Amino acid sequence: MSDYQPILTMHAGQPGSATRDYYLANGGYRAARRAVLDMNSDDIIQMVKYSNLQGRGGAGFPAGVKWSFVPRDDKRAKYLICNADEGEPGTFKDRMLINHNPHQLIEGMIIASRAIDCHLAFIYIRGEFAKEARLLEAAVEECRASNILGKKIFGGKYDLDILVYRGGGAYICGEEMALIESLEGKRGWPRIKPPFPAIEGYLRCPTIVNNVETLSNLPHIVNNGAEWFRGIGASPDSPGPKLYCLSGHVRKPGVYEAPMGTKLTTLIFTHAGGTTEGKKLKAAIPGGSSAPVLTADEIEDLKMDFPSLTAAGSMLGSGGIIVMDETTDMVQACYNLARFYAHESCGQCTPCREGTTWLTKVLRRFTQGRGRMEDIDLIGDITDNIGGLCDFSKGSFGKTICPFGEAVSWPIRAFMDKFRDEFEAYLPKEEAA
Ligand SMILES: Cc1cc2nc3c(=O)[nH]c(=O)nc-3n(C[C@H](O)[C@H](O)[C@H](O)COP(=O)(O)O)c2cc1C
Ligand code: SF4
């Protein structure tokens with residue numbers, strides 16, 4: 001293993017690491033104090049832009065660039081929302097960050113709020129994370145009691161409060177527009193973009209939504225500088241520390257911090273101890289269930305950063321790596337995925353609502369040995385009609401209100417195209433002939 005020293009998880013597992021006093025004793029809130037007292041909005045945005053911190057929630061959009069879209073001379077209130085919904089199958093890093101270091105996240109939120117001139121920020125946390133929600137509420141309370149949050153924080157002129165909001169536990173509420181609707185007290189239905197939230201988000205005011213891991217990086221950037229951050233990882237095109245979640249057929253599943261651009265084989269075979277019982281690696285989903293699956297051959301030498309994964313025809317997404325060994329039944333795995341998406345579709349768009357259910361029915365037929373040869377093309381047809389053609393080089397051709405359409409169709413298409421022989425093997429004899 002490399003001699004990389006963890007940054008985001010350096011205090012994980014230490015007794016008391018979730019408390020304000022532990023955090024303060026270890027240099028905590030220095031960066032937020034500096035951002036509030038010695039830096040203005042432009043200074044912070046420029047620093048984060050130059051650092052090239054890319055959003056860790058899935059899309060990898062540069063955080064500083066997103067913040068710069070918030071209109072300056074606009075009288076409306078500005079809001080920051082931390083996305084702690086973490087519903088993507090195979091992803092469990094945000095929960096870990098909250099559990100071990102909630103103050104690192106709060107400090108990041110103070111820096112981001114200051115950058116966009118926000119005075120009330122939210123943490124939208126997945127409903128099932130009851131323990132983590134209580135932990136965050138306690139951490140916010142500790143901050144209010146010591147002038148880290150509230151009026152004129154750190155003795156300056158800037159006011160900021162943070163509210164913790166528990167979501168209902170629907171996967172779609174992780175999508176930023178659905179999340180905003182849900183925070184407004186409505187059903188979590190995505191809105192069509194544009195307008196993007198930076199222009200019209202929460203209560204139709206400029207709003208920035210950032211992931212827990214994205215925000216947790218900010219104290220380190222302010223403390224150590226953008227140049228330092230750009231130097232971490234395989235390339236300044238996609239730099240920084242990264243939390244990778246390893247699950248599935250690995251000996252030591254868990255969250256591993258490593259530099260962005262670490263090889264996928266290193267993560268599987270070194271960090272996570274290799275496949276269970278040393279079986280042959282068959283495939284891996286590299287970035288949560290919405291990322292197209294990669295075969296063992298495609299994984300060779302693959303760097304886990306945003307551009308490398310896009311070039312490989314998949315995506316880094318949330319960094320949730322699901323490992324599948326040679327015993328995996330790819331038809332069953334694909335059916336499992338389809339069932340999840342059919343269950344989680346919000347139902348607003350016809351291609352997504354009807355298409356996901358249809359896919360599930362066709363795939364169920366396969367798993368029961370009742371598939372038909374023409375079903376293979378039918379699956380391709382349905383996925384194309386939900387999420388458009390899976391061609392990353394040409395961008396998104398989605399036909400739905402939100403990217404859920406691509407999130408379901410691209411991975412199912414990848415299973416179908418890459419493991420077609422397994423689907424054919426499920427056909428009844430007379431069909432296969
Ligand atoms: C269906 C769907 C689910 C999503 N779920 C999450 C989630 O659980 N957590 C998250 O941070 N982003 C999620 N996203 C991405 C968010 O819409 C948004 O891009 C992200 O929170 C922005 O933060 P970032 O720029 O820091 O990555 C989801 C997107 C889609 C389409
Ligand atoms: S694509 Fe699916 S999840 Fe997204 S808005 Fe349409 S129906 Fe809802």
# chains A, B, ... in the order shown; residues from 1 in each chain; ligands from 1
>>> residues_near_ligand(ligand="ligand 1", cutoff="6 Å", atoms="only C-alpha atoms and all ligand atoms", output="list of chain:residue names")
A:Gly55, A:Arg56, A:Gly57, A:Gly58, A:Ala59, A:Gly60, A:Phe61, A:Ala63, A:Asn83, A:Ala84, A:Asp85, A:Glu86, A:Gly87, A:Glu88, A:Tyr171, A:Ile172, A:Gly174, A:Glu175, A:Glu176, A:Val209, A:Asn210, A:Asn211, A:Thr214, A:Pro403, A:Phe404
>>> select_by_dssp(residues="segment 176-217 of chain A", states="strand (DSSP E or B)", output="MDAnalysis selection string")
chainID A and resid 207:211
>>> write_last_selection(atoms="N, CA, C and O atoms", output="compact mmCIF listing (two decimals), in the first residue's frame")
# COMPACT_ATOMS: atom_id res chain seq x y z
N THR A 207 -29.53 28.70 -4.88
CA THR A 207 -29.22 27.61 -3.94
C THR A 207 -28.08 26.76 -4.48
O THR A 207 -28.07 26.42 -5.66
N ILE A 208 -27.17 26.44 -3.61
CA ILE A 208 -26.10 25.50 -3.99
C ILE A 208 -26.32 24.20 -3.22
O ILE A 208 -26.49 24.22 -2.00
N VAL A 209 -26.31 23.11 -3.97
CA VAL A 209 -26.39 21.77 -3.34
C VAL A 209 -25.02 21.13 -3.52
O VAL A 209 -24.51 21.04 -4.64
N ASN A 210 -24.42 20.73 -2.42
CA ASN A 210 -23.13 20.03 -2.47
C ASN A 210 -23.18 18.79 -1.59
O ASN A 210 -23.83 18.77 -0.54
N ASN A 211 -22.42 17.82 -2.01
CA ASN A 211 -22.33 16.54 -1.30
C ASN A 211 -21.51 16.66 0.00
O ASN A 211 -20.66 17.54 0.13
>>> residues_around(residues="segment 261-276 of chain A", least_positions_apart="6", cutoff="6 Å", atoms="only C-alpha atoms", output="VMD selection string")
chain A and resid 233 to 234 249 to 253 302 to 305
>>> residues_near_ligand(ligand="ligand 2", cutoff="8 Å", atoms="only C-alpha atoms and all ligand atoms", output="number ranges by chain")
A: 172, 189-191, 344-353, 386, 399-406
>>> residues_around(residues="Lys151 of chain A", least_positions_apart="4", cutoff="7 Å", atoms="only C-alpha atoms", output="ChimeraX atom specification")
/A:158-160
>>> write_last_selection(atoms="all heavy atoms", output="PDB file, in the first residue's frame")
ATOM      1  N   TYR A 158     -20.502  38.274  10.387  1.00  0.00           N
ATOM      2  CA  TYR A 158     -21.248  37.334   9.544  1.00  0.00           C
ATOM      3  C   TYR A 158     -22.133  36.411  10.378  1.00  0.00           C
ATOM      4  O   TYR A 158     -21.669  35.819  11.361  1.00  0.00           O
ATOM      5  CB  TYR A 158     -20.219  36.525   8.731  1.00  0.00           C
ATOM      6  CG  TYR A 158     -20.789  35.482   7.821  1.00  0.00           C
ATOM      7  CD1 TYR A 158     -21.628  35.828   6.765  1.00  0.00           C
ATOM      8  CD2 TYR A 158     -20.490  34.128   8.007  1.00  0.00           C
ATOM      9  CE1 TYR A 158     -22.144  34.854   5.924  1.00  0.00           C
ATOM     10  CE2 TYR A 158     -20.998  33.151   7.168  1.00  0.00           C
ATOM     11  CZ  TYR A 158     -21.832  33.521   6.137  1.00  0.00           C
ATOM     12  OH  TYR A 158     -22.352  32.564   5.310  1.00  0.00           O
ATOM     13  N   ASP A 159     -23.427  36.303   9.977  1.00  0.00           N
ATOM     14  CA  ASP A 159     -24.370  35.420  10.683  1.00  0.00           C
ATOM     15  C   ASP A 159     -24.595  34.151   9.859  1.00  0.00           C
ATOM     16  O   ASP A 159     -24.767  34.234   8.639  1.00  0.00           O
ATOM     17  CB  ASP A 159     -25.761  36.076  10.820  1.00  0.00           C
ATOM     18  CG  ASP A 159     -25.708  37.420  11.537  1.00  0.00           C
ATOM     19  OD1 ASP A 159     -24.725  37.672  12.256  1.00  0.00           O
ATOM     20  OD2 ASP A 159     -26.664  38.208  11.362  1.00  0.00           O
ATOM     21  N   LEU A 160     -24.629  33.025  10.544  1.00  0.00           N
ATOM     22  CA  LEU A 160     -24.945  31.779   9.835  1.00  0.00           C
ATOM     23  C   LEU A 160     -25.534  30.754  10.798  1.00  0.00           C
ATOM     24  O   LEU A 160     -25.012  30.541  11.893  1.00  0.00           O
ATOM     25  CB  LEU A 160     -23.676  31.165   9.201  1.00  0.00           C
ATOM     26  CG  LEU A 160     -23.875  29.785   8.544  1.00  0.00           C
ATOM     27  CD1 LEU A 160     -24.789  29.874   7.321  1.00  0.00           C
ATOM     28  CD2 LEU A 160     -22.534  29.166   8.136  1.00  0.00           C
TER      29      LEU A 160
END
>>> select_by_dssp(residues="segment 127-314 of chain A", states="alpha helix (DSSP H)", output="ChimeraX atom specification")
/A:130-144,176-183,212-224,226-230,264-266,296-299,306-311
>>> residues_around(residues="Glu374 of chain A", least_positions_apart="2", cutoff="12 Å", atoms="only C-alpha atoms", output="ChimeraX atom specification")
/A:362,366,370-372,376-381,423-424,427,431-432
>>> write_last_selection(atoms="N, CA, C and O atoms", output="compact mmCIF listing (two decimals), in the first residue's frame")
# COMPACT_ATOMS: atom_id res chain seq x y z
N VAL A 362 -39.47 -7.97 -18.24
CA VAL A 362 -38.72 -8.73 -19.25
C VAL A 362 -37.57 -9.49 -18.58
O VAL A 362 -37.33 -10.66 -18.86
N PHE A 366 -36.60 -13.63 -18.08
CA PHE A 366 -35.29 -14.26 -18.33
C PHE A 366 -34.88 -15.14 -17.16
O PHE A 366 -34.51 -16.30 -17.33
N ARG A 370 -37.97 -18.03 -19.13
CA ARG A 370 -39.05 -17.84 -20.10
C ARG A 370 -38.74 -16.73 -21.10
O ARG A 370 -39.61 -16.17 -21.73
N GLY A 371 -37.43 -16.36 -21.17
CA GLY A 371 -37.05 -15.26 -22.07
C GLY A 371 -37.21 -15.64 -23.53
O GLY A 371 -37.32 -16.82 -23.87
N ARG A 372 -37.27 -14.61 -24.38
CA ARG A 372 -37.36 -14.86 -25.83
C ARG A 372 -36.20 -14.16 -26.51
O ARG A 372 -35.72 -13.13 -26.02
N ILE A 376 -33.90 -9.66 -26.08
CA ILE A 376 -32.57 -9.05 -25.96
C ILE A 376 -32.57 -7.69 -26.66
O ILE A 376 -32.14 -6.68 -26.10
N ASP A 377 -33.13 -7.66 -27.87
CA ASP A 377 -33.23 -6.37 -28.57
C ASP A 377 -34.25 -5.46 -27.89
O ASP A 377 -34.09 -4.24 -27.87
N LEU A 378 -35.28 -6.07 -27.33
CA LEU A 378 -36.31 -5.27 -26.65
C LEU A 378 -35.70 -4.51 -25.45
O LEU A 378 -35.99 -3.32 -25.26
N ILE A 379 -34.83 -5.18 -24.73
CA ILE A 379 -34.18 -4.52 -23.58
C ILE A 379 -33.38 -3.31 -24.09
O ILE A 379 -33.45 -2.21 -23.53
N GLY A 380 -32.66 -3.51 -25.19
CA GLY A 380 -31.91 -2.41 -25.79
C GLY A 380 -32.82 -1.27 -26.19
O GLY A 380 -32.53 -0.09 -25.94
N ASP A 381 -33.94 -1.61 -26.76
CA ASP A 381 -34.91 -0.62 -27.22
C ASP A 381 -35.50 0.19 -26.06
O ASP A 381 -35.59 1.42 -26.10
N PHE A 423 -27.11 -13.91 -20.97
CA PHE A 423 -28.55 -13.73 -21.19
C PHE A 423 -29.04 -14.82 -22.15
O PHE A 423 -30.09 -15.43 -21.93
N GLU A 424 -28.25 -15.08 -23.17
CA GLU A 424 -28.65 -16.10 -24.15
C GLU A 424 -28.70 -17.48 -23.50
O GLU A 424 -29.55 -18.30 -23.84
N LEU A 427 -32.00 -18.51 -22.15
CA LEU A 427 -33.14 -18.74 -23.06
C LEU A 427 -33.54 -20.21 -23.05
O LEU A 427 -32.68 -21.09 -22.96
N GLU A 431 -35.78 -21.43 -28.00
CA GLU A 431 -35.49 -20.04 -28.36
C GLU A 431 -34.04 -19.90 -28.78
O GLU A 431 -33.71 -19.15 -29.69
N ALA A 432 -33.16 -20.59 -28.05
CA ALA A 432 -31.73 -20.44 -28.29
C ALA A 432 -31.32 -21.10 -29.60
O ALA A 432 -30.32 -20.73 -30.21
>>> residues_around(residues="Arg204 of chain A", least_positions_apart="5", cutoff="10 Å", atoms="only C-alpha atoms", output="ChimeraX atom specification")
/A:76-78,180,195,197-199
>>> residues_around(residues="Ser314 of chain A", least_positions_apart="6", cutoff="9 Å", atoms="only C-alpha atoms", output="NGL selection string")
:A and (285-287 or 291-294 or 308 or 392 or 410-411)
>>> closest_residue(among="A:Gly388, A:Gly28, A:Pro428, A:Gly313", to="Gly369 of chain A", atoms="only C-alpha atoms")
A:Pro428
>>> atom_distance(atom1="atom CA of Pro241 of chain A", atom2="atom CA of Lys93 of chain A")
12.7 Å
>>> atom_distance(atom1="atom CA of Lys152 of chain A", atom2="atom CA of Ser17 of chain A")
26.4 Å
>>> atom_distance(atom1="atom CA of Pro71 of chain A", atom2="atom CA of Leu218 of chain A")
21.5 Å
>>> closest_residue(among="A:Tyr29, A:Met416, A:Gln368, A:Ala226", to="Pro239 of chain A", atoms="only C-alpha atoms")
A:Ala226
